[in-house]
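Chemist: Next up, start.cif (mmCIF, C-alpha atoms, pLDDT in the B column; chains and numbers go by the auth columns).
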data_work
#
loop_
_atom_site.group_PDB
_atom_site.id
_atom_site.type_symbol
_atom_site.label_atom_id
_atom_site.label_comp_id
_atom_site.label_asym_id
_atom_site.label_seq_id
_atom_site.Cartn_x
_atom_site.Cartn_y
_atom_site.Cartn_z
_atom_site.B_iso_or_equiv
_atom_site.auth_seq_id
_atom_site.auth_asym_id
ATOM 1 C CA MET A 1 41.108 171.687 88.256 57.00 76 C
ATOM 2 C CA SER A 2 38.879 169.310 86.363 65.00 77 C
ATOM 3 C CA PHE A 3 39.611 168.084 82.866 65.00 78 C
ATOM 4 C CA VAL A 4 36.797 170.216 81.441 71.00 79 C
ATOM 5 C CA GLN A 5 38.243 173.368 83.037 64.00 80 C
ATOM 6 C CA ILE A 6 41.674 172.612 81.609 63.00 81 C
ATOM 7 C CA VAL A 7 40.323 171.968 78.111 65.00 82 C
ATOM 8 C CA SER A 8 38.346 175.204 78.219 68.00 83 C
ATOM 9 C CA ALA A 9 41.533 177.065 79.173 63.00 84 C
ATOM 10 C CA PHE A 10 43.182 175.790 75.990 66.00 85 C
ATOM 11 C CA ARG A 11 40.465 177.491 73.919 72.00 86 C
ATOM 12 C CA LEU A 12 42.053 180.842 74.749 72.00 87 C
ATOM 13 C CA TYR A 13 45.083 180.170 72.548 72.00 88 C
ATOM 14 C CA SER A 14 45.528 179.987 68.785 76.00 89 C
ATOM 15 C CA ALA A 15 46.764 176.857 67.022 78.00 90 C
ATOM 16 C CA ASP A 16 50.277 178.246 66.489 80.00 91 C
ATOM 17 C CA VAL A 17 50.626 179.084 70.185 81.00 92 C
ATOM 18 C CA LEU A 18 49.412 175.614 71.187 81.00 93 C
ATOM 19 C CA LEU A 19 51.841 173.880 68.809 85.00 94 C
ATOM 20 C CA LEU A 20 54.746 176.025 69.980 86.00 95 C
ATOM 21 C CA ALA A 21 53.718 175.382 73.595 87.00 96 C
ATOM 22 C CA LEU A 22 53.980 171.656 72.983 88.00 97 C
ATOM 23 C CA GLY A 23 57.565 172.214 71.843 89.00 98 C
ATOM 24 C CA VAL A 24 58.203 174.378 74.903 89.00 99 C
ATOM 25 C CA THR A 25 56.843 171.627 77.148 87.00 100 C
ATOM 26 C CA LEU A 26 59.117 169.035 75.580 88.00 101 C
ATOM 27 C CA MET A 27 62.165 171.326 75.728 89.00 102 C
ATOM 28 C CA THR A 28 61.448 172.218 79.353 86.00 103 C
ATOM 29 C CA SER A 29 61.114 168.567 80.265 84.00 104 C
ATOM 30 C CA PHE A 30 64.389 167.728 78.538 86.00 105 C
ATOM 31 C CA LEU A 31 66.242 170.613 80.161 85.00 106 C
ATOM 32 C CA LYS A 32 64.764 169.762 83.561 82.00 107 C
ATOM 33 C CA LYS A 33 65.899 166.136 83.407 81.00 108 C
ATOM 34 C CA LYS A 34 69.175 166.308 81.480 80.00 109 C
ATOM 35 C CA VAL A 35 70.775 169.742 81.476 80.00 110 C
ATOM 36 C CA LEU A 36 69.506 171.629 84.533 78.00 111 C
ATOM 37 C CA ALA A 37 68.864 168.685 86.877 72.00 112 C
ATOM 38 C CA ASP A 38 71.009 170.113 89.679 74.00 113 C
ATOM 39 C CA ARG A 39 69.522 173.625 89.550 76.00 114 C
ATOM 40 C CA ASP A 40 67.052 175.211 91.946 75.00 115 C
ATOM 41 C CA ARG A 41 63.515 174.036 91.225 72.00 116 C
ATOM 42 C CA LYS A 42 62.270 177.643 91.204 77.00 117 C
ATOM 43 C CA LEU A 43 63.973 178.051 87.837 78.00 118 C
ATOM 44 C CA PHE A 44 61.496 175.631 86.282 77.00 119 C
ATOM 45 C CA VAL A 45 58.586 177.919 87.133 81.00 120 C
ATOM 46 C CA PHE A 46 59.927 180.612 84.797 85.00 121 C
ATOM 47 C CA LEU A 47 61.628 178.415 82.187 86.00 122 C
ATOM 48 C CA PRO A 48 58.463 177.692 80.115 89.00 123 C
ATOM 49 C CA PHE A 49 57.757 181.420 79.856 90.00 124 C
ATOM 50 C CA ALA A 50 61.298 182.302 78.796 90.00 125 C
ATOM 51 C CA LEU A 51 61.365 179.474 76.255 91.00 126 C
ATOM 52 C CA GLY A 52 57.851 180.365 75.120 90.00 127 C
ATOM 53 C CA PHE A 53 58.873 183.946 74.419 91.00 128 C
ATOM 54 C CA ALA A 54 62.059 182.888 72.615 92.00 129 C
ATOM 55 C CA LEU A 55 60.271 180.300 70.470 92.00 130 C
ATOM 56 C CA PHE A 56 57.333 182.563 69.667 89.00 131 C
ATOM 57 C CA ALA A 57 59.650 185.473 68.777 91.00 132 C
ATOM 58 C CA ALA A 58 61.696 183.228 66.471 92.00 133 C
ATOM 59 C CA TYR A 59 58.512 181.889 64.888 90.00 134 C
ATOM 60 C CA ARG A 60 57.156 185.388 64.261 88.00 135 C
ATOM 61 C CA MET A 61 60.454 186.645 62.834 90.00 136 C
ATOM 62 C CA ILE A 62 60.622 183.674 60.432 91.00 137 C
ATOM 63 C CA ALA A 63 56.945 183.970 59.470 88.00 138 C
ATOM 64 C CA GLU A 64 57.168 187.731 58.822 87.00 139 C
ATOM 65 C CA ARG A 65 60.755 187.670 57.517 89.00 140 C
ATOM 66 C CA SER A 66 61.623 190.733 59.571 87.00 141 C
ATOM 67 C CA LEU A 67 62.750 191.874 62.993 87.00 142 C
ATOM 68 C CA ALA A 68 59.481 193.740 63.579 83.00 143 C
ATOM 69 C CA PRO A 69 58.297 191.200 66.210 79.00 144 C
ATOM 70 C CA LEU A 70 61.166 192.387 68.417 85.00 145 C
ATOM 71 C CA GLY A 71 60.633 196.054 67.593 85.00 146 C
ATOM 72 C CA GLU A 72 57.337 197.717 66.834 87.00 147 C
ATOM 73 C CA GLU A 73 55.341 194.520 67.425 86.00 148 C
ATOM 74 C CA PHE A 74 57.187 193.615 70.635 88.00 149 C
ATOM 75 C CA PHE A 75 54.122 193.608 72.888 88.00 150 C
ATOM 76 C CA GLU A 76 52.225 191.265 70.563 88.00 151 C
ATOM 77 C CA THR A 77 55.254 188.956 70.580 86.00 152 C
ATOM 78 C CA LEU A 78 55.461 189.210 74.357 85.00 153 C
ATOM 79 C CA GLU A 79 51.776 188.324 74.633 86.00 154 C
ATOM 80 C CA GLY A 80 52.183 185.305 72.344 85.00 155 C
ATOM 81 C CA GLY A 81 55.300 184.172 74.218 87.00 156 C
ATOM 82 C CA PHE A 82 53.477 184.446 77.512 88.00 157 C
ATOM 83 C CA GLY A 83 50.619 182.439 75.991 86.00 158 C
ATOM 84 C CA CYS A 84 53.112 179.746 74.954 88.00 159 C
ATOM 85 C CA GLY A 85 54.431 179.601 78.523 87.00 160 C
ATOM 86 C CA CYS A 86 50.911 179.399 79.942 85.00 161 C
ATOM 87 C CA ALA A 87 49.838 176.684 77.525 85.00 162 C
ATOM 88 C CA ALA A 88 53.081 174.762 78.161 87.00 163 C
ATOM 89 C CA THR A 89 52.364 174.906 81.870 85.00 164 C
ATOM 90 C CA LEU A 90 48.829 173.652 81.214 82.00 165 C
ATOM 91 C CA TYR A 91 50.216 170.786 79.116 84.00 166 C
ATOM 92 C CA TYR A 92 52.518 169.871 81.998 84.00 167 C
ATOM 93 C CA CYS A 93 49.639 169.991 84.501 79.00 168 C
ATOM 94 C CA VAL A 94 47.468 167.790 82.300 79.00 169 C
ATOM 95 C CA TRP A 95 50.323 165.305 81.927 79.00 170 C
ATOM 96 C CA GLU A 96 51.053 165.201 85.657 76.00 171 C
ATOM 97 C CA GLN A 97 47.431 165.063 86.758 75.00 172 C
ATOM 98 C CA PHE A 98 45.874 162.679 84.268 75.00 173 C
ATOM 99 C CA PHE A 99 48.455 160.640 82.368 75.00 174 C
ATOM 100 C CA ARG A 100 51.658 160.198 84.331 72.00 175 C
ATOM 101 C CA GLY A 101 51.884 157.038 86.391 63.00 176 C
ATOM 102 C CA LYS A 102 51.504 157.398 90.107 59.00 177 C
ATOM 103 C CA ALA A 103 54.796 158.275 91.751 55.00 178 C
ATOM 104 C CA GLN A 104 56.198 155.731 94.110 58.00 179 C
ATOM 105 C CA LYS A 105 55.562 156.538 97.715 64.00 180 C
ATOM 106 C CA THR A 106 58.723 157.711 99.412 70.00 181 C
ATOM 107 C CA ASP A 107 59.685 155.990 102.628 76.00 182 C
ATOM 108 C CA PRO A 108 60.170 158.620 105.368 79.00 183 C
ATOM 109 C CA LEU A 109 62.980 156.549 106.861 81.00 184 C
ATOM 110 C CA GLU A 110 64.854 156.675 103.562 82.00 185 C
ATOM 111 C CA MET A 111 64.575 160.462 103.613 80.00 186 C
ATOM 112 C CA LEU A 112 66.214 160.489 107.047 82.00 187 C
ATOM 113 C CA LEU A 113 69.058 158.343 105.736 85.00 188 C
ATOM 114 C CA ASP A 114 70.493 160.924 103.337 82.00 189 C
ATOM 115 C CA PHE A 115 73.989 160.215 104.673 82.00 190 C
ATOM 116 C CA ILE A 116 73.816 156.819 102.963 84.00 191 C
ATOM 117 C CA PRO A 117 74.313 156.687 99.168 83.00 192 C
ATOM 118 C CA GLU A 118 70.935 156.618 97.392 81.00 193 C
ATOM 119 C CA GLU A 119 71.419 153.203 95.818 84.00 194 C
ATOM 120 C CA ARG A 120 71.878 151.620 99.282 86.00 195 C
ATOM 121 C CA ARG A 121 69.193 153.515 101.244 85.00 196 C
ATOM 122 C CA LYS A 122 66.301 151.112 100.706 87.00 197 C
ATOM 123 C CA LYS A 123 68.325 148.103 101.847 90.00 198 C
ATOM 124 C CA ALA A 124 69.713 150.074 104.800 88.00 199 C
ATOM 125 C CA ALA A 125 66.193 151.139 105.835 88.00 200 C
ATOM 126 C CA GLU A 126 65.027 147.515 105.774 89.00 201 C
ATOM 127 C CA GLU A 127 68.084 146.452 107.771 89.00 202 C
ATOM 128 C CA LEU A 128 67.530 149.145 110.398 88.00 203 C
ATOM 129 C CA ARG A 129 63.827 148.290 110.722 87.00 204 C
ATOM 130 C CA ALA A 130 64.650 144.614 111.265 88.00 205 C
ATOM 131 C CA GLY A 131 67.416 145.429 113.734 87.00 206 C
ATOM 132 C CA MET A 132 65.212 147.753 115.780 85.00 207 C
ATOM 133 C CA GLU A 133 62.575 145.162 116.642 85.00 208 C
ATOM 134 C CA GLY A 134 62.246 144.595 120.379 81.00 209 C
ATOM 135 C CA LYS A 135 64.911 147.116 121.420 81.00 210 C
ATOM 136 C CA THR A 136 64.475 149.650 124.212 76.00 211 C
ATOM 137 C CA GLU A 137 65.256 153.300 123.428 73.00 212 C
ATOM 138 C CA GLU A 138 68.744 153.021 125.010 77.00 213 C
ATOM 139 C CA GLU A 139 69.524 149.786 123.132 82.00 214 C
ATOM 140 C CA ALA A 140 68.147 151.313 119.961 83.00 215 C
ATOM 141 C CA GLU A 141 70.420 154.352 120.175 83.00 216 C
ATOM 142 C CA ALA A 142 73.528 152.205 120.713 85.00 217 C
ATOM 143 C CA TYR A 143 72.544 149.886 117.839 88.00 218 C
ATOM 144 C CA LEU A 144 71.780 152.789 115.513 87.00 219 C
ATOM 145 C CA LYS A 145 75.019 154.596 116.347 87.00 220 C
ATOM 146 C CA GLY A 146 77.027 151.516 115.353 87.00 221 C
ATOM 147 C CA ARG A 147 75.040 150.905 112.150 87.00 222 C
ATOM 148 C CA ILE A 148 75.186 154.564 111.122 87.00 223 C
ATOM 149 C CA ALA A 149 78.961 154.583 111.526 86.00 224 C
ATOM 150 C CA ALA A 150 79.195 151.492 109.316 86.00 225 C
ATOM 151 C CA LEU A 151 76.679 152.638 106.668 84.00 226 C
ATOM 152 C CA SER A 152 77.507 156.340 106.271 83.00 227 C
ATOM 153 C CA ASP A 153 79.410 157.405 103.190 80.00 228 C
ATOM 154 C CA PRO A 154 81.441 159.551 103.535 81.00 229 C
ATOM 155 C CA PRO A 155 82.168 158.494 107.119 83.00 230 C
ATOM 156 C CA MET A 156 80.571 160.646 109.812 85.00 231 C
ATOM 157 C CA SER A 157 82.194 161.895 112.991 87.00 232 C
ATOM 158 C CA GLU A 158 81.246 160.331 116.312 87.00 233 C
ATOM 159 C CA ALA A 159 79.152 163.389 117.225 87.00 234 C
ATOM 160 C CA GLU A 160 77.293 163.237 113.896 87.00 235 C
ATOM 161 C CA CYS A 161 76.660 159.505 114.365 85.00 236 C
ATOM 162 C CA ALA A 162 75.309 160.150 117.865 85.00 237 C
ATOM 163 C CA ALA A 163 73.005 162.940 116.627 86.00 238 C
ATOM 164 C CA ALA A 164 71.719 160.821 113.724 86.00 239 C
ATOM 165 C CA ALA A 165 71.220 157.837 116.061 85.00 240 C
ATOM 166 C CA ALA A 166 69.217 159.975 118.509 84.00 241 C
ATOM 167 C CA LEU A 167 67.044 161.287 115.675 84.00 242 C
ATOM 168 C CA LEU A 168 66.403 157.817 114.252 85.00 243 C
ATOM 169 C CA ALA A 169 65.736 156.389 117.736 82.00 244 C
ATOM 170 C CA LYS A 170 63.040 159.054 118.221 82.00 245 C
ATOM 171 C CA TYR A 171 61.619 158.201 114.792 82.00 246 C
ATOM 172 C CA PHE A 172 61.356 154.485 115.625 82.00 247 C
ATOM 173 C CA SER A 173 60.025 155.308 119.097 79.00 248 C
ATOM 174 C CA ALA A 174 57.285 157.476 117.620 77.00 249 C
ATOM 175 C CA LEU A 175 56.349 154.707 115.188 76.00 250 C
ATOM 176 C CA SER A 176 56.104 152.099 117.888 72.00 251 C
ATOM 177 C CA GLY A 177 54.165 154.419 120.204 66.00 252 C
ATOM 178 C CA LYS A 178 56.535 153.907 123.157 55.00 253 C
#
Just give me the structure as structure tokens.
Modeler:
Amino acid sequence: MSFVQIVSAFRLYSADVLLLALGVTLMTSFLKKKVLADRDRKLFVFLPFALGFALFAAYRMIAERSLAPLGEEFFETLEGGFGCGCAATLYYCVWEQFFRGKAQKTDPLEMLLDFIPEERRKKAAEELRAGMEGKTEEEAEAYLKGRIAALSDPPMSEAECAAAAALLAKYFSALSGK
């Protein structure tokens, strides 16, 4: 989506919906990072819409000083809440696509080293790369098995170390083209 297409999508919503959507975006971001960080990522697809409905319903009840937005005007409230969720999602897309700094490129080797605590993975990946230079596939597997046993936390069984060593040996073999 181009910037012009995104801006034209914002024209569909009223000022109150856009302001509430900004609040929904900020609340979603906070919840995503601080409160619900360990939850399934699928939850974050629906969270802006649920928050949008809740915020828009509260706004309408305060503005009208009645419970009518949850009763006879429910579908109008639902429409506004859905609009808040849509606009919040658009805000997030604009932020991610145009303003957020480029994410650091993830090292595939670090992803394979999930048995090593995250704060030590980068150093372990560098160590394994350096240690693998000039080794045959058999030497590589023996070297990797020993290093994996030493680096893994919590400690892995011998069978797990052997399986991880075989996987990493194939990874390094594929990189070197041997």
Chemist: Leaving out C:Leu145 and any residue of its chain fewer than 2 positions from it, which residues lie within 12 Å of it when counting all atoms listed in the file, given as a count of residues only?
Modeler: 23
Chemist: Using only C-alpha atoms, pick whichever of C:Ser248, C:Ser227, C:Thr181, C:Ser232 has the shortest atom-to-atom distance to C:Glu213.
Modeler: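 Distance minimum relative to C:Glu213 lands on C:Ser248.
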Chemist: When you count all atoms listed in the file, which of these residues is closest to C:Glu202: C:Glu185, C:Gly160, C:Thr103, C:Asp115?
Modeler: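 Counting all atoms listed in the file, the residue closest to C:Glu202 is C:Glu185.
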Chemist: Within 10 Å of stretch 83-97 of chain C, which residues of stretch 108-175 of chain C show up? Give each one with its shortest atom-to-atom distance in Å (one decimal) and the two atoms involved, counting all atoms listed in the file, rows by chain then rising residue number, as CSV.
Modeler:
residue,atom,partner,partner_atom,distance
C:Pro123,CA,C:Ala96,CA,8.4
C:Phe124,CA,C:Ala96,CA,9.6
C:Leu126,CA,C:Ala96,CA,9.1
C:Gly127,CA,C:Ala96,CA,6.7
C:Phe128,CA,C:Leu95,CA,10.0
C:Leu130,CA,C:Leu95,CA,7.0
C:Phe131,CA,C:Leu95,CA,7.0
C:Tyr134,CA,C:Leu95,CA,8.6
C:Gly155,CA,C:Val92,CA,6.8
C:Gly156,CA,C:Val92,CA,8.0
C:Phe157,CA,C:Val92,CA,9.5
C:Gly158,CA,C:Val92,CA,6.7
C:Cys159,CA,C:Ala96,CA,4.6
C:Gly160,CA,C:Ala96,CA,6.5
C:Cys161,CA,C:Ala96,CA,8.0
C:Ala162,CA,C:Ala96,CA,5.7
C:Ala163,CA,C:Ala96,CA,4.7
C:Thr164,CA,C:Ala96,CA,8.4
C:Leu165,CA,C:Phe85,CA,8.0
C:Tyr166,CA,C:Leu97,CA,7.2
C:Tyr167,CA,C:Leu97,CA,9.3
Chemist: Give me, as an MDAnalysis selection string, all polymer residues having an atom no more than 12 Å from C:Glu201, counting only C-alpha atoms and skipping those fewer than 5 positions away in the same chain.
Modeler: chainID C and resid 182 184:185 188 195:196 206:208
Chemist: Any chance you could export stretch 109-135 of chain C with N, CA, C and O atoms, as a CSV table (one decimal), in the first residue's frame?
Modeler:
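Output file out32.csv follows:
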chain,number,residue,atom,x,y,z
C,109,LYS,N,4.1,-5.0,27.2
C,109,LYS,CA,4.2,-5.0,28.6
C,109,LYS,C,3.4,-6.1,29.3
C,109,LYS,O,3.8,-6.8,30.1
C,110,VAL,N,2.1,-6.2,28.9
C,110,VAL,CA,1.2,-7.0,29.7
C,110,VAL,C,1.0,-8.4,29.0
C,110,VAL,O,1.0,-9.4,29.7
C,111,LEU,N,0.8,-8.4,27.7
C,111,LEU,CA,0.5,-9.6,27.0
C,111,LEU,C,1.6,-10.1,26.1
C,111,LEU,O,1.4,-10.8,25.1
C,112,ALA,N,2.9,-9.8,26.5
C,112,ALA,CA,4.0,-10.2,25.7
C,112,ALA,C,4.2,-11.7,25.5
C,112,ALA,O,4.6,-12.1,24.4
C,113,ASP,N,3.7,-12.5,26.4
C,113,ASP,CA,3.9,-14.0,26.2
C,113,ASP,C,2.7,-14.6,25.6
C,113,ASP,O,2.6,-15.9,25.6
C,114,ARG,N,1.7,-13.9,25.2
C,114,ARG,CA,0.5,-14.5,24.6
C,114,ARG,C,0.7,-14.8,23.1
C,114,ARG,O,1.6,-14.3,22.4
C,115,ASP,N,-0.2,-15.5,22.6
C,115,ASP,CA,-0.2,-15.9,21.1
C,115,ASP,C,-0.4,-14.6,20.3
C,115,ASP,O,-1.2,-13.8,20.6
C,116,ARG,N,0.4,-14.5,19.3
C,116,ARG,CA,0.4,-13.3,18.4
C,116,ARG,C,-1.0,-13.1,17.7
C,116,ARG,O,-1.3,-12.0,17.3
C,117,LYS,N,-1.8,-14.1,17.6
C,117,LYS,CA,-3.1,-14.0,16.9
C,117,LYS,C,-4.0,-13.1,17.7
C,117,LYS,O,-4.9,-12.5,17.1
C,118,LEU,N,-3.8,-13.0,19.0
C,118,LEU,CA,-4.6,-12.2,19.9
C,118,LEU,C,-4.5,-10.7,19.4
C,118,LEU,O,-5.5,-10.0,19.4
C,119,PHE,N,-3.3,-10.3,19.0
C,119,PHE,CA,-3.1,-8.9,18.6
C,119,PHE,C,-3.8,-8.5,17.3
C,119,PHE,O,-3.8,-7.3,17.0
C,120,VAL,N,-4.3,-9.5,16.6
C,120,VAL,CA,-5.1,-9.1,15.4
C,120,VAL,C,-6.4,-8.6,15.8
C,120,VAL,O,-6.9,-7.6,15.2
C,121,PHE,N,-7.0,-9.2,16.8
C,121,PHE,CA,-8.3,-8.8,17.3
C,121,PHE,C,-8.4,-7.7,18.4
C,121,PHE,O,-9.4,-7.1,18.6
C,122,LEU,N,-7.2,-7.6,19.1
C,122,LEU,CA,-7.2,-6.6,20.2
C,122,LEU,C,-7.6,-5.2,19.8
C,122,LEU,O,-8.3,-4.6,20.5
C,123,PRO,N,-7.1,-4.6,18.7
C,123,PRO,CA,-7.5,-3.3,18.4
C,123,PRO,C,-9.0,-3.1,18.1
C,123,PRO,O,-9.6,-2.1,18.5
C,124,PHE,N,-9.6,-4.1,17.6
C,124,PHE,CA,-11.1,-4.1,17.4
C,124,PHE,C,-11.9,-4.2,18.7
C,124,PHE,O,-12.8,-3.4,18.9
C,125,ALA,N,-11.4,-5.0,19.6
C,125,ALA,CA,-12.1,-5.1,20.9
C,125,ALA,C,-11.9,-3.8,21.7
C,125,ALA,O,-12.8,-3.3,22.3
C,126,LEU,N,-10.7,-3.3,21.7
C,126,LEU,CA,-10.4,-2.0,22.4
C,126,LEU,C,-11.1,-0.9,21.7
C,126,LEU,O,-11.6,0.0,22.4
C,127,GLY,N,-11.2,-0.9,20.4
C,127,GLY,CA,-11.9,0.1,19.7
C,127,GLY,C,-13.3,0.2,20.0
C,127,GLY,O,-13.9,1.2,20.3
C,128,PHE,N,-14.0,-1.0,20.1
C,128,PHE,CA,-15.4,-1.0,20.5
C,128,PHE,C,-15.6,-0.5,21.9
C,128,PHE,O,-16.5,0.3,22.2
C,129,ALA,N,-14.7,-1.0,22.8
C,129,ALA,CA,-14.9,-0.6,24.2
C,129,ALA,C,-14.7,0.9,24.4
C,129,ALA,O,-15.5,1.6,25.1
C,130,LEU,N,-13.7,1.4,23.8
C,130,LEU,CA,-13.4,2.9,23.9
C,130,LEU,C,-14.5,3.7,23.2
C,130,LEU,O,-14.9,4.7,23.8
C,131,PHE,N,-14.9,3.3,22.0
C,131,PHE,CA,-16.0,4.0,21.3
C,131,PHE,C,-17.3,4.0,22.1
C,131,PHE,O,-18.0,5.0,22.2
C,132,ALA,N,-17.6,2.8,22.7
C,132,ALA,CA,-18.9,2.7,23.5
C,132,ALA,C,-18.8,3.6,24.7
C,132,ALA,O,-19.8,4.3,25.0
C,133,ALA,N,-17.7,3.6,25.4
C,133,ALA,CA,-17.5,4.5,26.6
C,133,ALA,C,-17.6,5.9,26.2
C,133,ALA,O,-18.3,6.7,26.8
C,134,TYR,N,-17.0,6.3,25.1
C,134,TYR,CA,-17.1,7.7,24.6
C,134,TYR,C,-18.5,8.1,24.3
C,134,TYR,O,-19.0,9.1,24.7
C,135,ARG,N,-19.2,7.2,23.6
C,135,ARG,CA,-20.6,7.5,23.2
C,135,ARG,C,-21.5,7.6,24.5
C,135,ARG,O,-22.4,8.5,24.5
